[in-house]
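Shown next, in structure tokens, is the structure this report addresses.
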Amino acid sequence: MLRPLIVSFREGVAYRAKGNLLWLLHRISGLGIVVFLGFHIFGMSMAAFNPALHERALELYKTPPFAIGELLLAFLLIFHAVNGTRIAILELRPQLWEKQELATRLSLIITALLTAPTLAIMAYKSISHFLAH
Amino acid sequence: MTTTTLSQGRTVRKIQPLQGQARFERAMWLFMRYSGLALVFLALSHFWVQHLLIGTHAITTAQTVVFWGAQGQPITLGNVLFRSYYAVMLVLAVVHGINGVRQVAYDYFGHRPAIYKGLMTLVVAIATVISLGGLLALVLGAQASSEVAIR
Ligand code: HEM
């Protein structure tokens, strides 16, 4: 039952074409965000239905394991957003297909430029919080 | 084959409009791209406001109540804007996410219809309960409990 999953992962990594790795990362980031989103909507709804539980959830986010997960989420979301924008623009405007290489390089550069300061600020905030408490 | 004759006397083949499943797939293909473009602004602005501007460690229920508006309190324009922004983002992200999961599930389990359908039924059921809960929460407003003072 899991064979197609394993094969797709192995081939995705083994066949080192840039587009293929990006495809795999787009898929993994999309799935990661969906799972997070389910818990996130549930948790935030508790502000309306069960404020004590909402408060507990917020406290949980302020612990080191969640601070690390938050960094991973930031990268996945920014990558998925930028790469998804590349896919959407290229597919909706096929005359741009000649510029695929450039588009891929640009989206990787933009992802890096947005991710680096985001992770730095988040890490700084978390570390100073943990040092003060 | 359906043909049609143009005013110049030339005959061309008419393209049949898509029907059924094909029509649905085309709509979802377009939806993935346009909702994605909208989510770039909605999701990234939300993420950066909460995690960079405010910061996870500064987020409290009391502060959520201020932005969101409390049940039984007068609603401000700010509360309405906050709730609308989140409602739009919620619907777009959930539909985009479910369709994404469907594409992945079809790739890996499409040749096993029982597993594919079972999995998707489960995913859609869970997503429906959670999203309706979320939308209802946005309509009702936050609860300011005794521990959570309204400022
Ligand atoms: C932030 C802006 C976003 C953009 C620009 C974007 C764009 C895209 C695009 C263009 C696709 C490809 C669709 C296709 O192949 O037909 C896609 C797939 C997907 N997206 Fe997004 N998306 C965004 C946010 C999200 C969010 C918030 C979620 C989670 C709820 C999500 C989950 C997924 C999933 C699960 C897939 C399927 C992956 C696959 O088929 O391999 N995306 N996205």
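By convention here, the chains of the structure tokens are called A, B, ... in the order presented, each chain's residues are numbered starting at 1, and ligands are numbered starting at 1 in the order presented.
Using only C-alpha atoms, the chain A residues found within 6 Å of chain B amount to Pro4, Val34, Ile41, Phe42, Ser45, Ala47, Ala48, Glu55, Lys62, Ala81 and Ala88 of chain A.
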Give me, as a tab-separated table, each residue of chain A that comes within 10 Å of ligand 1, together with its shortest interatomic pair and the distance in Å at one decimal, counting only C-alpha atoms and all ligand atoms, with rows ordered by chain and rising residue number.
```
residue	atom	partner	partner_atom_place_in_ligand_line	distance
A:Trp23	CA	ligand 1	41 (O)	6.8
A:Leu24	CA	ligand 1	41 (O)	7.0
A:Leu25	CA	ligand 1	41 (O)	8.4
A:His26	CA	ligand 1	41 (O)	6.1
A:Arg27	CA	ligand 1	41 (O)	3.6
A:Ile28	CA	ligand 1	41 (O)	7.2
A:Ser29	CA	ligand 1	32 (C)	7.3
A:Gly30	CA	ligand 1	32 (C)	3.7
A:Leu31	CA	ligand 1	35 (C)	4.4
A:Gly32	CA	ligand 1	29 (C)	7.6
A:Ile33	CA	ligand 1	29 (C)	4.6
A:Val34	CA	ligand 1	29 (C)	4.0
A:Val35	CA	ligand 1	30 (C)	7.7
A:Phe36	CA	ligand 1	29 (C)	8.1
A:Leu37	CA	ligand 1	30 (C)	6.0
A:Gly38	CA	ligand 1	30 (C)	8.3
A:Leu76	CA	ligand 1	1 (C)	9.7
A:Leu77	CA	ligand 1	1 (C)	6.3
A:Ile78	CA	ligand 1	1 (C)	7.1
A:Phe79	CA	ligand 1	1 (C)	8.6
A:His80	CA	ligand 1	23 (C)	5.9
A:Ala81	CA	ligand 1	2 (C)	3.8
A:Val82	CA	ligand 1	5 (C)	6.2
A:Asn83	CA	ligand 1	5 (C)	6.9
A:Gly84	CA	ligand 1	7 (C)	3.6
A:Thr85	CA	ligand 1	5 (C)	4.4
A:Arg86	CA	ligand 1	10 (C)	7.6
A:Ile87	CA	ligand 1	10 (C)	5.1
A:Ala88	CA	ligand 1	10 (C)	4.9
A:Ile89	CA	ligand 1	10 (C)	8.6
A:Leu90	CA	ligand 1	10 (C)	9.7
A:Glu91	CA	ligand 1	10 (C)	8.7
```
Practice task
Record the distance separating atom CA of A:Leu60 and atom CA of B:Tyr86, expressed in Å with one decimal.
Solution key: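 Taking atom CA of A:Leu60 and atom CA of B:Tyr86, their separation equals 22.4 Å.
Taking atom CA of B:Pro113 and atom CA of A:Leu2 as the two end points, the separation is 14.6 Å.
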Exercise for the section: Find, counting only C-alpha atoms, the residue in A:Phe75, A:Pro64, A:Leu58, A:Arg10 that gets nearest to A:Ala116. Expected result: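 Closest to A:Ala116, using only C-alpha atoms: A:Phe75.
Rounded to one decimal, atom CA of A:His129 and atom CA of A:Leu113 lie 25.1 Å from each other.
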Exercise for the section: Apply DSSP to the backbone of this structure and, from chain B, keep only the residues in strand (DSSP E); write these as a ChimeraX atom specification. Expected result: /B:3-5,11-13
